[in-house]
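Data block for data28.cif (mmCIF, C-alpha atoms and all ligand atoms):
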```cif
data_final
#
loop_
_atom_site.label_atom_id
_atom_site.label_comp_id
_atom_site.auth_asym_id
_atom_site.auth_seq_id
_atom_site.Cartn_x
_atom_site.Cartn_y
_atom_site.Cartn_z
CA MET R 29 3.97 1.97 17.41
CA ASP R 30 7.13 3.93 16.57
CA ASP R 31 5.94 4.22 12.97
CA VAL R 32 2.54 5.47 14.16
CA ALA R 33 4.08 8.18 16.33
CA ALA R 34 6.54 9.15 13.57
CA CYS R 35 3.66 9.53 11.12
CA PHE R 36 1.74 11.92 13.41
CA GLU R 37 4.92 13.94 14.06
CA TYR R 38 5.72 14.12 10.34
CA TYR R 39 2.26 15.42 9.38
CA ALA R 40 2.23 17.88 12.30
CA ASP R 41 5.34 19.44 10.69
CA LEU R 42 3.76 19.38 7.21
CA ALA R 43 0.66 21.13 8.58
CA GLU R 44 2.85 24.03 9.68
CA SER R 45 4.71 24.23 6.39
CA LEU R 46 1.36 24.11 4.56
CA ASP R 47 0.43 27.43 6.15
CA GLU R 48 3.69 28.92 4.91
CA LYS R 49 3.04 27.69 1.35
CA GLN R 50 -0.46 29.24 1.07
CA ARG R 51 -1.01 32.04 -1.47
CA SER R 52 1.98 31.00 -3.55
CA PRO R 53 1.84 33.12 -6.72
CA ILE R 54 1.37 31.73 -10.20
CA SER R 55 3.26 33.41 -12.97
CA LEU R 56 0.86 34.66 -15.68
CA PRO R 57 1.51 35.95 -19.20
CA MET R 58 -0.61 39.14 -18.62
CA GLU R 59 0.60 41.87 -16.28
CA ASN R 60 -2.89 43.11 -15.42
CA PHE R 61 -3.73 39.85 -13.64
CA LYS R 62 -2.31 38.31 -10.48
CA SER R 63 -3.04 34.78 -9.42
CA HIS R 64 -2.27 32.62 -6.44
CA ILE R 65 -3.42 29.29 -5.10
CA LEU R 66 -5.06 28.25 -1.86
CA LYS R 67 -4.78 24.68 -0.66
CA GLU R 68 -7.94 23.99 1.30
CA PRO R 69 -9.21 20.99 3.26
CA ILE R 70 -11.40 18.82 1.06
CA GLY R 71 -14.07 18.65 3.80
CA VAL R 72 -15.42 15.62 5.62
CA VAL R 73 -13.46 12.49 4.73
CA GLY R 74 -14.41 8.84 5.17
CA LEU R 75 -11.42 6.65 6.03
CA ILE R 76 -11.96 2.91 5.63
CA THR R 77 -9.12 0.64 6.73
CA PRO R 78 -8.13 -3.06 6.81
CA TRP R 79 -7.18 -5.45 9.60
CA ASN R 80 -3.49 -5.79 8.82
CA TYR R 81 -1.35 -3.19 10.62
CA PRO R 82 -4.69 -1.79 11.81
CA LEU R 83 -3.44 1.26 13.69
CA LEU R 84 -0.67 2.11 11.19
CA MET R 85 -3.04 1.88 8.19
CA ALA R 86 -5.50 4.17 10.01
CA THR R 87 -2.71 6.58 10.97
CA TRP R 88 -1.57 6.88 7.34
CA LYS R 89 -5.01 8.44 6.74
CA VAL R 90 -5.93 10.12 10.04
CA ALA R 91 -2.67 12.07 10.45
CA PRO R 92 -2.61 13.70 6.99
CA SER R 93 -6.36 14.30 6.85
CA LEU R 94 -6.35 16.18 10.17
CA ALA R 95 -3.13 17.99 9.19
CA ALA R 96 -4.93 19.16 6.04
CA GLY R 97 -7.76 20.57 8.18
CA CYS R 98 -10.38 17.97 7.32
CA THR R 99 -12.76 16.33 9.73
CA ALA R 100 -12.70 12.56 9.49
CA VAL R 101 -14.89 9.52 10.00
CA LEU R 102 -12.70 6.46 10.49
CA LYS R 103 -14.16 2.98 9.90
CA PRO R 104 -11.56 0.39 10.95
CA SER R 105 -11.82 -3.30 10.09
CA GLU R 106 -14.34 -5.28 12.09
CA LEU R 107 -11.52 -7.78 12.75
CA ALA R 108 -9.19 -5.28 14.40
CA SER R 109 -10.90 -2.16 15.73
CA LEU R 110 -9.49 -1.88 19.24
CA THR R 111 -6.26 0.00 18.56
CA CYS R 112 -8.21 2.59 16.57
CA LEU R 113 -10.64 3.03 19.45
CA GLU R 114 -7.62 3.53 21.70
CA LEU R 115 -6.45 6.24 19.27
CA GLY R 116 -9.85 7.89 19.76
CA ALA R 117 -9.38 7.78 23.52
CA ILE R 118 -5.96 9.45 23.16
CA CYS R 119 -7.48 12.15 20.94
CA MET R 120 -10.02 12.87 23.69
CA GLU R 121 -7.25 12.94 26.27
CA VAL R 122 -5.30 15.55 24.27
CA ALA R 123 -8.50 17.59 23.78
CA LEU R 124 -8.92 17.22 20.03
CA PRO R 125 -12.18 19.15 19.52
CA PRO R 126 -15.26 16.90 19.46
CA GLY R 127 -16.32 15.93 15.94
CA VAL R 128 -12.90 16.33 14.34
CA LEU R 129 -12.12 12.60 14.42
CA ASN R 130 -15.08 10.24 14.58
CA ILE R 131 -14.69 6.49 14.77
CA ILE R 132 -17.42 4.07 13.83
CA THR R 133 -17.03 0.33 14.13
CA GLY R 134 -18.99 -2.34 12.33
CA LEU R 135 -19.19 -4.52 9.25
CA GLY R 136 -18.23 -3.19 5.83
CA PRO R 137 -21.65 -3.17 4.15
CA GLU R 138 -23.32 -1.63 7.22
CA ALA R 139 -20.74 0.83 8.56
CA GLY R 140 -18.39 1.33 5.59
CA ALA R 141 -20.73 1.46 2.59
CA PRO R 142 -22.77 4.43 3.88
CA LEU R 143 -19.59 6.51 3.94
CA SER R 144 -19.05 5.91 0.22
CA SER R 145 -22.58 6.95 -0.70
CA HIS R 146 -23.27 9.67 1.89
CA PRO R 147 -23.79 13.11 0.32
CA HIS R 148 -22.04 14.88 3.21
CA VAL R 149 -18.85 12.84 2.97
CA ASP R 150 -16.64 14.71 0.51
CA LYS R 151 -14.00 12.05 -0.12
CA VAL R 152 -13.32 8.41 0.69
CA ALA R 153 -9.81 7.11 1.31
CA PHE R 154 -9.81 3.32 1.33
CA THR R 155 -7.25 0.62 2.06
CA GLY R 156 -8.28 -2.98 1.59
CA SER R 157 -9.00 -5.60 -1.02
CA THR R 158 -9.44 -4.87 -4.70
CA GLU R 159 -12.97 -6.31 -4.63
CA THR R 160 -14.11 -3.91 -1.88
CA GLY R 161 -12.25 -1.08 -3.63
CA LYS R 162 -14.37 -1.64 -6.74
CA ARG R 163 -17.57 -1.46 -4.66
CA ILE R 164 -16.47 1.76 -2.99
CA MET R 165 -15.52 3.34 -6.31
CA THR R 166 -18.88 2.39 -7.81
CA ALA R 167 -20.81 3.87 -4.88
CA ALA R 168 -18.71 7.04 -4.79
CA ALA R 169 -19.12 7.53 -8.54
CA GLN R 170 -22.86 8.11 -8.05
CA MET R 171 -22.00 11.31 -6.14
CA VAL R 172 -18.90 12.11 -8.26
CA LYS R 173 -17.02 11.78 -4.98
CA PRO R 174 -13.23 11.51 -5.14
CA VAL R 175 -11.69 8.31 -3.84
CA SER R 176 -8.16 7.11 -3.25
CA LEU R 177 -7.63 3.36 -3.22
CA GLU R 178 -4.76 1.40 -1.66
CA LEU R 179 -5.50 -2.18 -2.71
CA GLY R 180 -3.93 -5.61 -2.90
CA GLY R 181 -0.79 -6.82 -4.63
CA LYS R 182 1.19 -9.76 -5.98
CA SER R 183 4.57 -8.15 -6.02
CA PRO R 184 7.71 -9.66 -7.59
CA LEU R 185 11.23 -9.93 -6.21
CA ILE R 186 13.87 -10.48 -8.92
CA VAL R 187 17.22 -11.93 -7.85
CA PHE R 188 20.16 -11.93 -10.28
CA ASP R 189 23.16 -14.25 -10.27
CA ASP R 190 25.66 -11.65 -8.99
CA VAL R 191 24.38 -11.44 -5.42
CA ASP R 192 25.45 -12.58 -1.98
CA ILE R 193 23.04 -15.51 -1.66
CA ASP R 194 22.44 -15.43 2.09
CA LYS R 195 21.83 -11.67 2.15
CA ALA R 196 19.35 -11.99 -0.73
CA VAL R 197 17.65 -14.97 0.93
CA GLU R 198 17.05 -12.93 4.06
CA TRP R 199 15.38 -10.13 2.08
CA ALA R 200 13.27 -12.67 0.21
CA MET R 201 12.11 -14.06 3.56
CA PHE R 202 11.45 -10.62 5.06
CA GLY R 203 9.52 -9.73 1.90
CA VAL R 204 6.95 -12.48 2.37
CA PHE R 205 7.14 -14.05 5.83
CA ALA R 206 7.16 -10.88 7.97
CA ASN R 207 3.74 -10.34 9.60
CA ALA R 208 2.92 -13.88 8.39
CA GLY R 209 2.78 -12.53 4.83
CA GLN R 210 -0.24 -10.36 5.63
CA VAL R 211 1.33 -7.38 3.89
CA CYS R 212 -0.15 -5.70 0.83
CA SER R 213 3.31 -5.16 -0.67
CA ALA R 214 4.60 -8.68 0.16
CA THR R 215 7.03 -9.80 -2.53
CA SER R 216 5.23 -13.11 -2.95
CA ARG R 217 6.52 -13.96 -6.43
CA LEU R 218 10.22 -14.81 -6.39
CA LEU R 219 12.08 -14.71 -9.71
CA LEU R 220 15.48 -16.39 -9.59
CA HIS R 221 18.22 -16.31 -12.19
CA GLU R 222 18.61 -19.91 -13.36
CA LYS R 223 22.33 -19.96 -12.51
CA ILE R 224 21.69 -19.52 -8.79
CA ALA R 225 18.19 -20.98 -8.50
CA LYS R 226 19.13 -24.34 -6.97
CA GLN R 227 21.64 -22.93 -4.51
CA PHE R 228 19.24 -20.10 -3.59
CA LEU R 229 16.32 -22.45 -2.96
CA ASP R 230 18.46 -24.78 -0.81
CA ARG R 231 19.44 -21.81 1.35
CA LEU R 232 15.89 -20.39 1.38
CA VAL R 233 14.49 -23.69 2.63
CA ALA R 234 17.22 -23.92 5.30
CA TRP R 235 16.54 -20.34 6.49
CA ALA R 236 12.76 -20.83 6.37
CA LYS R 237 12.98 -23.97 8.52
CA ASN R 238 14.95 -21.93 11.03
CA ILE R 239 12.17 -19.36 11.56
CA LYS R 240 10.71 -19.48 15.04
CA VAL R 241 6.95 -19.95 14.61
CA SER R 242 5.20 -19.28 17.90
CA ASP R 243 2.92 -17.12 19.97
CA PRO R 244 4.16 -13.61 19.02
CA LEU R 245 4.55 -12.79 22.71
CA GLU R 246 7.33 -15.40 22.96
CA GLU R 247 10.90 -14.13 22.75
CA GLY R 248 12.41 -14.58 19.27
CA CYS R 249 9.11 -15.22 17.47
CA ARG R 250 9.38 -14.40 13.77
CA LEU R 251 6.09 -15.89 12.52
CA GLY R 252 2.80 -15.75 14.40
CA SER R 253 -0.67 -16.98 13.53
CA VAL R 254 -2.71 -15.43 10.75
CA VAL R 255 -5.62 -13.14 11.62
CA SER R 256 -8.63 -15.46 11.58
CA GLU R 257 -9.92 -18.93 10.84
CA GLU R 258 -11.33 -17.66 7.54
CA GLN R 259 -7.89 -16.37 6.49
CA TYR R 260 -6.27 -19.62 7.68
CA GLU R 261 -8.65 -21.73 5.59
CA LYS R 262 -8.20 -19.42 2.60
CA ILE R 263 -4.41 -19.78 2.70
CA LYS R 264 -4.63 -23.58 3.05
CA LYS R 265 -6.94 -23.64 0.02
CA PHE R 266 -4.43 -21.63 -2.02
CA ILE R 267 -1.75 -24.19 -1.13
CA SER R 268 -3.92 -27.21 -1.96
CA THR R 269 -5.02 -25.62 -5.26
CA ALA R 270 -1.36 -24.97 -6.16
CA ARG R 271 -0.62 -28.64 -5.47
CA SER R 272 -3.57 -29.85 -7.51
CA GLU R 273 -2.58 -27.56 -10.40
CA GLY R 274 0.83 -29.28 -10.51
CA ALA R 275 3.08 -27.05 -8.39
CA THR R 276 5.53 -28.50 -5.84
CA ILE R 277 5.30 -27.54 -2.16
CA LEU R 278 9.04 -27.42 -1.58
CA CYS R 279 8.77 -26.49 2.08
CA GLY R 280 5.98 -25.90 4.62
CA GLY R 281 2.37 -25.91 3.48
CA ALA R 282 0.80 -27.09 6.73
CA ARG R 283 0.29 -26.33 10.42
CA PRO R 284 3.58 -26.52 12.36
CA GLN R 285 3.59 -29.80 14.29
CA HIS R 286 4.47 -28.15 17.59
CA LEU R 287 1.42 -25.82 17.47
CA ARG R 288 -1.83 -27.72 17.79
CA ARG R 289 -4.04 -24.66 18.37
CA GLY R 290 -4.23 -21.30 16.65
CA PHE R 291 -4.18 -20.31 12.98
CA PHE R 292 -0.51 -21.04 12.34
CA ILE R 293 0.86 -21.89 8.90
CA GLU R 294 4.46 -22.88 8.19
CA PRO R 295 6.53 -20.65 5.94
CA THR R 296 5.69 -22.12 2.55
CA ILE R 297 7.79 -22.18 -0.63
CA ILE R 298 6.16 -23.30 -3.88
CA THR R 299 8.07 -24.21 -7.06
CA ASP R 300 7.20 -25.64 -10.48
CA VAL R 301 4.78 -22.78 -10.91
CA SER R 302 3.32 -21.77 -14.26
CA THR R 303 1.97 -18.31 -15.02
CA SER R 304 -1.59 -19.60 -15.44
CA MET R 305 -1.74 -20.98 -11.89
CA GLN R 306 -3.84 -19.32 -9.22
CA ILE R 307 -0.80 -19.15 -6.90
CA TRP R 308 1.01 -16.97 -9.46
CA ARG R 309 -1.94 -14.71 -10.19
CA GLU R 310 -3.83 -14.11 -6.94
CA GLU R 311 -2.94 -12.45 -3.65
CA VAL R 312 -2.64 -15.04 -0.85
CA PHE R 313 -2.00 -12.69 2.08
CA GLY R 314 -0.19 -15.41 4.00
CA PRO R 315 3.36 -16.78 4.47
CA VAL R 316 3.51 -18.30 1.00
CA ILE R 317 6.02 -17.55 -1.77
CA CYS R 318 5.94 -18.93 -5.29
CA VAL R 319 9.08 -19.23 -7.38
CA LYS R 320 9.99 -19.09 -11.06
CA GLU R 321 13.34 -19.07 -12.83
CA PHE R 322 14.47 -16.75 -15.61
CA ARG R 323 17.41 -16.59 -18.03
CA THR R 324 17.56 -12.98 -19.21
CA GLU R 325 16.81 -9.54 -17.80
CA SER R 326 13.98 -8.99 -20.26
CA GLU R 327 12.41 -12.33 -19.31
CA ALA R 328 12.61 -11.32 -15.64
CA VAL R 329 10.86 -8.00 -16.32
CA GLU R 330 8.18 -9.69 -18.41
CA LEU R 331 7.45 -12.17 -15.62
CA ALA R 332 7.53 -9.45 -12.97
CA ASN R 333 4.95 -7.38 -14.88
CA ASP R 334 2.76 -10.40 -15.60
CA THR R 335 0.11 -9.38 -13.06
CA HIS R 336 -3.05 -7.29 -12.82
CA TYR R 337 -1.57 -5.73 -9.70
CA GLY R 338 1.04 -2.98 -9.54
CA LEU R 339 1.80 -2.11 -5.95
CA ALA R 340 5.48 -2.96 -5.47
CA GLY R 341 8.45 -4.74 -7.00
CA ALA R 342 12.01 -5.45 -5.91
CA VAL R 343 15.31 -6.30 -7.52
CA ILE R 344 18.50 -7.63 -5.96
CA SER R 345 21.70 -7.31 -7.98
CA ASN R 346 25.15 -5.81 -7.62
CA ASP R 347 24.84 -4.18 -11.04
CA GLU R 348 23.65 -0.64 -10.35
CA GLU R 349 22.76 0.15 -13.96
CA ARG R 350 20.68 -3.00 -14.22
CA CYS R 351 18.81 -2.06 -11.03
CA GLN R 352 18.05 1.38 -12.46
CA ARG R 353 16.79 -0.13 -15.75
CA ILE R 354 14.54 -2.51 -13.86
CA SER R 355 13.21 0.27 -11.60
CA LYS R 356 11.97 2.01 -14.73
CA ALA R 357 10.63 -1.15 -16.35
CA LEU R 358 8.51 -2.37 -13.42
CA HIS R 359 4.83 -1.36 -13.61
CA SER R 360 4.44 -0.61 -9.92
CA GLY R 361 4.18 2.37 -7.58
CA ILE R 362 7.06 1.22 -5.37
CA VAL R 363 10.42 -0.32 -6.28
CA TRP R 364 12.91 -1.63 -3.75
CA ILE R 365 16.54 -2.16 -4.77
CA ASN R 366 18.59 -4.70 -2.82
CA CYS R 367 15.86 -4.97 -0.16
CA SER R 368 12.11 -5.53 0.21
CA GLN R 369 9.54 -3.72 2.36
CA PRO R 370 11.40 -0.87 4.14
CA THR R 371 8.88 1.97 4.30
CA PHE R 372 9.47 5.61 5.16
CA VAL R 373 6.80 8.16 6.01
CA GLN R 374 8.56 10.72 3.79
CA ALA R 375 8.27 8.60 0.60
CA PRO R 376 5.08 8.11 -1.47
CA TRP R 377 3.15 4.85 -1.04
CA GLY R 378 0.61 3.44 -3.48
CA GLY R 379 0.03 1.33 -6.54
CA ASN R 380 -0.91 1.18 -10.18
CA LYS R 381 -3.34 -1.06 -12.07
CA ARG R 382 -5.61 -3.08 -9.75
CA SER R 383 -3.52 -2.10 -6.74
CA GLY R 384 -5.34 1.23 -6.83
CA PHE R 385 -4.49 4.89 -7.34
CA GLY R 386 -3.52 7.92 -5.31
CA ARG R 387 -0.50 8.07 -3.03
CA GLU R 388 -0.27 8.04 0.74
CA LEU R 389 2.65 9.22 2.90
CA GLY R 390 5.00 12.10 2.20
CA GLU R 391 3.63 15.38 0.85
CA TRP R 392 1.44 13.34 -1.54
CA GLY R 393 -0.39 11.92 1.48
CA LEU R 394 -1.33 15.45 2.53
CA ASP R 395 -2.42 16.40 -1.01
CA ASN R 396 -4.94 13.53 -0.81
CA TYR R 397 -7.00 15.65 1.57
CA LEU R 398 -6.54 19.08 -0.01
CA THR R 399 -8.36 20.76 -2.82
CA ILE R 400 -6.65 23.47 -4.82
CA LYS R 401 -8.35 26.79 -5.47
CA GLN R 402 -7.01 29.44 -7.82
CA VAL R 403 -7.62 33.06 -6.86
CA THR R 404 -7.14 35.42 -9.80
CA LYS R 405 -7.35 39.20 -9.49
CA TYR R 406 -7.66 41.86 -12.19
CA CYS R 407 -5.32 44.57 -10.99
CA SER R 408 -5.37 47.20 -13.73
CA ASP R 409 -7.13 50.57 -13.35
CA GLU R 410 -8.21 50.34 -16.99
CA PRO R 411 -11.65 48.95 -17.91
CA TRP R 412 -11.61 45.46 -19.41
CA GLY R 413 -12.73 46.90 -22.78
CA TRP R 414 -14.35 43.84 -24.40
CA TYR R 415 -17.75 45.56 -24.78
CA GLN R 416 -18.40 49.10 -25.94
CA PRO R 417 -19.79 51.35 -23.19
CA PRO R 418 -23.40 52.45 -24.01
CA SER R 419 -22.40 56.13 -24.37
CA LYS R 420 -20.20 55.26 -27.41
CA LEU R 421 -22.90 53.29 -29.24
N1 LIG R 501 -2.16 -0.96 -0.74
C1 LIG R 501 -2.02 -0.87 0.58
O1 LIG R 501 -1.38 0.03 1.09
C2 LIG R 501 -2.68 -1.89 1.49
C3 LIG R 501 -2.35 -1.90 2.85
C4 LIG R 501 -2.93 -2.86 3.67
C5 LIG R 501 -3.82 -3.80 3.16
N2 LIG R 501 -4.12 -3.78 1.84
C6 LIG R 501 -5.02 -4.80 1.28
O2 LIG R 501 -6.10 -5.05 2.15
C7 LIG R 501 -6.58 -6.38 2.00
C8 LIG R 501 -6.74 -7.02 3.34
O3 LIG R 501 -7.60 -6.27 4.13
P1 LIG R 501 -9.14 -6.65 4.43
O4 LIG R 501 -9.33 -8.13 4.32
O5 LIG R 501 -9.50 -5.95 5.68
O6 LIG R 501 -9.86 -5.95 3.18
P2 LIG R 501 -11.43 -5.76 2.95
O7 LIG R 501 -11.57 -5.14 1.61
O8 LIG R 501 -12.17 -7.02 3.22
O9 LIG R 501 -11.88 -4.73 4.09
C9 LIG R 501 -11.28 -3.48 4.23
C10 LIG R 501 -12.25 -2.52 4.92
O10 LIG R 501 -13.35 -2.30 4.05
C11 LIG R 501 -14.56 -2.49 4.77
N3 LIG R 501 -15.61 -2.87 3.81
C12 LIG R 501 -15.95 -4.12 3.41
N4 LIG R 501 -16.97 -4.05 2.51
C13 LIG R 501 -17.26 -2.74 2.34
C14 LIG R 501 -18.18 -2.01 1.52
N5 LIG R 501 -19.03 -2.64 0.71
N6 LIG R 501 -18.17 -0.67 1.59
C15 LIG R 501 -17.30 -0.01 2.39
N7 LIG R 501 -16.41 -0.64 3.20
C16 LIG R 501 -16.38 -1.98 3.16
C17 LIG R 501 -14.20 -3.52 5.80
O11 LIG R 501 -15.14 -3.52 6.86
C18 LIG R 501 -12.82 -3.04 6.23
O12 LIG R 501 -12.91 -1.99 7.14
C19 LIG R 501 -5.53 -7.08 1.14
O13 LIG R 501 -5.99 -7.20 -0.18
C20 LIG R 501 -4.33 -6.13 1.20
O14 LIG R 501 -3.46 -6.23 0.10
C21 LIG R 501 -3.58 -2.85 0.99
C1 LIG R 502 4.97 -0.84 6.26
N1 LIG R 502 4.74 -2.18 5.77
C2 LIG R 502 5.22 -3.13 6.75
C3 LIG R 502 5.47 -2.38 4.52
C4 LIG R 502 3.31 -2.46 5.63
C5 LIG R 502 2.62 -1.64 4.62
C6 LIG R 502 1.14 -1.85 4.64
C7 LIG R 502 0.66 -2.96 3.81
O1 LIG R 502 0.13 -3.94 4.18
#
```
What's the structure tokens form of this structure?
Ligand SMILES: NC(=O)c1ccc[n+]([C@@H]2O[C@H](COP(=O)([O-])OP(=O)(O)OC[C@H]3O[C@@H](n4cnc5c(N)ncnc54)[C@H](O)[C@@H]3O)[C@@H](O)[C@H]2O)c1
Ligand SMILES: C[N+](C)(C)CCCC=O
Amino acid sequence: MDDVAACFEYYADLAESLDEKQRSPISLPMENFKSHILKEPIGVVGLITPWNYPLLMATWKVAPSLAAGCTAVLKPSELASLTCLELGAICMEVALPPGVLNIITGLGPEAGAPLSSHPHVDKVAFTGSTETGKRIMTAAAQMVKPVSLELGGKSPLIVFDDVDIDKAVEWAMFGVFANAGQVCSATSRLLLHEKIAKQFLDRLVAWAKNIKVSDPLEEGCRLGSVVSEEQYEKIKKFISTARSEGATILCGGARPQHLRRGFFIEPTIITDVSTSMQIWREEVFGPVICVKEFRTESEAVELANDTHYGLAGAVISNDEERCQRISKALHSGIVWINCSQPTFVQAPWGGNKRSGFGRELGEWGLDNYLTIKQVTKYCSDEPWGWYQPPSKL
């Protein structure tokens, strides 16, 4: 909730500075012309959001779109709509004019798809799976409607042999077990330098077994249930497929014995993974990490980039120059150095490749909802002089 409030406050400030930046002049090579730009709201925007972090994901769109001066139609996930409806109630309480923020609930094909194809919706901003993103892009293309897409990921975390093992283990865990792994940017592929791999995995297993898995309302809970039975079954299938393809379930992989009800899955660590396996290639969206070893920096980068996705990547090393080299080499929109997942409203968020395009948060998040108009004025008293006046013919 703190992040939600901070996001609204941040874009309220940007809305004010946007007014100050209007009419900024453009330097031209001809003195008899003056030009400036206007940043204008793009119009009516359709905002389609997922079930993970449901209010935060909606806020990342609602706050900048309203700050830009757009009116918005928000379609939250059918699995987690209530916090967004509560946001609507707060907007009414603070007297946001009727029609500025509209919230419609319902299933994707019925309530979401019409936003992508509607002629009066000027832009669609979508966060969700790559498959749905493709459908939205296809529908929007029929109207030449701009879209921004924040999609899935299979992000790598590279750990070199010069690190403090326990500190690195904690980041690896936070990168994939926080929110039960239901995080688009989860660093779910762990790349370990061969010199520390055994020691690292021993510690990772010990730390993972120490995670309190419980009802999230219990004190000290660090892993709750996943969102739905469908998601629970999907994650279990990923784990059984990994096993049948020859990987080793080093730790976890099942329901915790002390929790007989609910969609709980133990923190799961999978080794003996090859790059052709499903567990290496596809997004699980659950508390499951797969591990590979590397020998050299270039091998680590090659493995890290061996994915259709490109949302995030992380590197842990005490060698600053190496971290900078790897930041440049990773094909992703976000790179974390010596950590995984910290997110700031001031910094751009978004991916490359099948993780989508466009950036949320920061000033880029506001630009998502603005269109740029150039205004160019001829300011000489002389006629233009391209055609001869009739009197001289
Ligand atoms: N890149 C990011 O910032 C980011 C953030 C959070 C989640 N995600 C991704 O979201 C996915 C999980 O969320 P999900 O399961 O809710 O995704 P999803 O694609 O199933 O659904 C997302 C939204 O799209 C709607 N929808 C479904 N079909 C539609 C259609 N044909 N037309 C229009 N709307 C439609 C759904 O109702 C929902 O509101 C994961 O892949 C995750 O990586 C990405
Ligand atoms: C802010 N977090 C926790 C990194 C979540 C980002 C949204 C992706 O699922």
Give me, as a PyMOL selection string, all polymer residues having an atom no more than 10 Å from stretch 276-291 of chain R, counting only C-alpha atoms and skipping those fewer than 5 positions away in the same chain. chain R and resi 229-230+232-234+236-237+241-243+252-261+263-264+266-268+270-271+296-301+315-316+318
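Closest approach to ligand LIG 501 (chain R) from the set R:Leu339, R:Ala275, R:Leu220, R:Ile65 is made by R:Leu339, with distances taken over only C-alpha atoms and all ligand atoms.
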Box for ligand LIG 502 (chain R) - axis-aligned, 4 Å on each of the six sides, all listed atoms - centre and size in Å to one decimal, as lines of an AutoDock Vina configuration file.
```
center_x = 2.8
center_y = -2.4
center_z = 5.3
size_x = 13.3
size_y = 11.1
size_z = 10.9
```
Distance filter 8 Å around ligand LIG 502 (chain R), atoms: only C-alpha atoms and all ligand atoms, out as a PyMOL selection string: chain R and resi 80-81+84-85+207+210-214+369-372
Between atom CA of R:Cys112 and atom C13 of ligand LIG 501 (chain R), what is the distance, to one decimal in Å? 17.7 Å
Mind dumping a table of every chain R residue within 8 Å of ligand LIG 501 (chain R), with the nearest atom pair and its distance in Å to one decimal, using only C-alpha atoms and all ligand atoms, sorted by chain and rising number, as a tab-separated table?
```
residue	atom	partner	partner_atom	distance
R:Ile76	CA	R:LIG501	O12	5.2
R:Thr77	CA	R:LIG501	O12	4.6
R:Pro78	CA	R:LIG501	O5	3.4
R:Trp79	CA	R:LIG501	O5	4.6
R:Asn80	CA	R:LIG501	C4	6.0
R:Tyr81	CA	R:LIG501	C4	7.1
R:Met85	CA	R:LIG501	C4	6.6
R:Lys103	CA	R:LIG501	O12	5.8
R:Pro104	CA	R:LIG501	O12	4.7
R:Ser105	CA	R:LIG501	O12	3.4
R:Glu106	CA	R:LIG501	O11	5.6
R:Leu107	CA	R:LIG501	O5	7.6
R:Gly134	CA	R:LIG501	O11	6.8
R:Leu135	CA	R:LIG501	O11	4.8
R:Gly136	CA	R:LIG501	O11	3.3
R:Pro137	CA	R:LIG501	N5	4.4
R:Glu138	CA	R:LIG501	C14	7.7
R:Ala139	CA	R:LIG501	N7	7.0
R:Gly140	CA	R:LIG501	C15	3.6
R:Ala141	CA	R:LIG501	N6	3.5
R:Pro142	CA	R:LIG501	C15	7.2
R:Leu143	CA	R:LIG501	C15	7.1
R:Ser144	CA	R:LIG501	C15	6.5
R:Phe154	CA	R:LIG501	O10	7.2
R:Thr155	CA	R:LIG501	C21	5.2
R:Gly156	CA	R:LIG501	O2	3.1
R:Ser157	CA	R:LIG501	O13	3.5
R:Thr158	CA	R:LIG501	O13	6.1
R:Glu159	CA	R:LIG501	O7	6.5
R:Thr160	CA	R:LIG501	O7	4.5
R:Gly161	CA	R:LIG501	O7	6.7
R:Arg163	CA	R:LIG501	N5	5.7
R:Ile164	CA	R:LIG501	N6	5.5
R:Leu177	CA	R:LIG501	N1	7.4
R:Glu178	CA	R:LIG501	N1	3.6
R:Leu179	CA	R:LIG501	N1	4.1
R:Gly180	CA	R:LIG501	O14	3.1
R:Gly181	CA	R:LIG501	O14	5.5
R:Gln210	CA	R:LIG501	C20	7.4
R:Val211	CA	R:LIG501	C4	6.2
R:Cys212	CA	R:LIG501	O14	3.4
R:Ser213	CA	R:LIG501	N1	6.9
R:Glu311	CA	R:LIG501	O13	7.0
R:Phe313	CA	R:LIG501	C19	6.7
R:Leu339	CA	R:LIG501	N1	6.6
R:Trp377	CA	R:LIG501	O1	6.9
R:Gly378	CA	R:LIG501	N1	5.9
R:Gly379	CA	R:LIG501	N1	6.6
R:Ser383	CA	R:LIG501	N1	6.3
R:Gly384	CA	R:LIG501	N1	7.2
```
Do you have the atom CA of R:Glu222-atom CA of R:Asn380 distance handy?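 Between atom CA of R:Glu222 and atom CA of R:Asn380 the gap works out to 28.9 Å.
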With distances taken over all atoms listed in the file, the candidate from R:Leu358, R:Leu394, R:Leu331, R:Ile400 nearest R:His64 is R:Ile400
Could you jot down the atom CA of R:Val204 to atom CA of R:Leu75 separation for me, Å, one decimal place?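 So the two atoms, atom CA of R:Val204 and atom CA of R:Leu75, lie 26.8 Å apart.
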Quick one: residues within 10 Å of R:Asp189, all atoms listed in the file, excluding same-chain residues fewer than 3 positions away - as JSON, numbers by chain? {"R": [192, 193, 220, 221, 222, 223, 224, 225, 228, 323, 344, 345, 346]}
Within 9 Å of stretch 172-174 of chain R, counting all atoms listed in the file, which residues qualify if same-chain residues fewer than 2 places away don't, as a PyMOL selection string? chain R and resi 144-145+147+149-153+165+167-170+176
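Using all atoms listed in the file for every distance, the candidate list R:Ala86, R:Leu94, R:Phe205, R:Pro125 yields R:Ala86 as the residue closest to R:Thr111.
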Counting all atoms listed in the file, closest pick from R:Tyr397, R:Gln227, R:Glu349, R:Glu330 relative to R:Ala100 is R:Tyr397
Show me, as an MDAnalysis selection string, the residues that have an atom within 8 Å of R:Gly97 when counting all atoms listed in the file, minus same-chain residues fewer than 3 positions from it. chainID R and resid 68:69 71 93:94
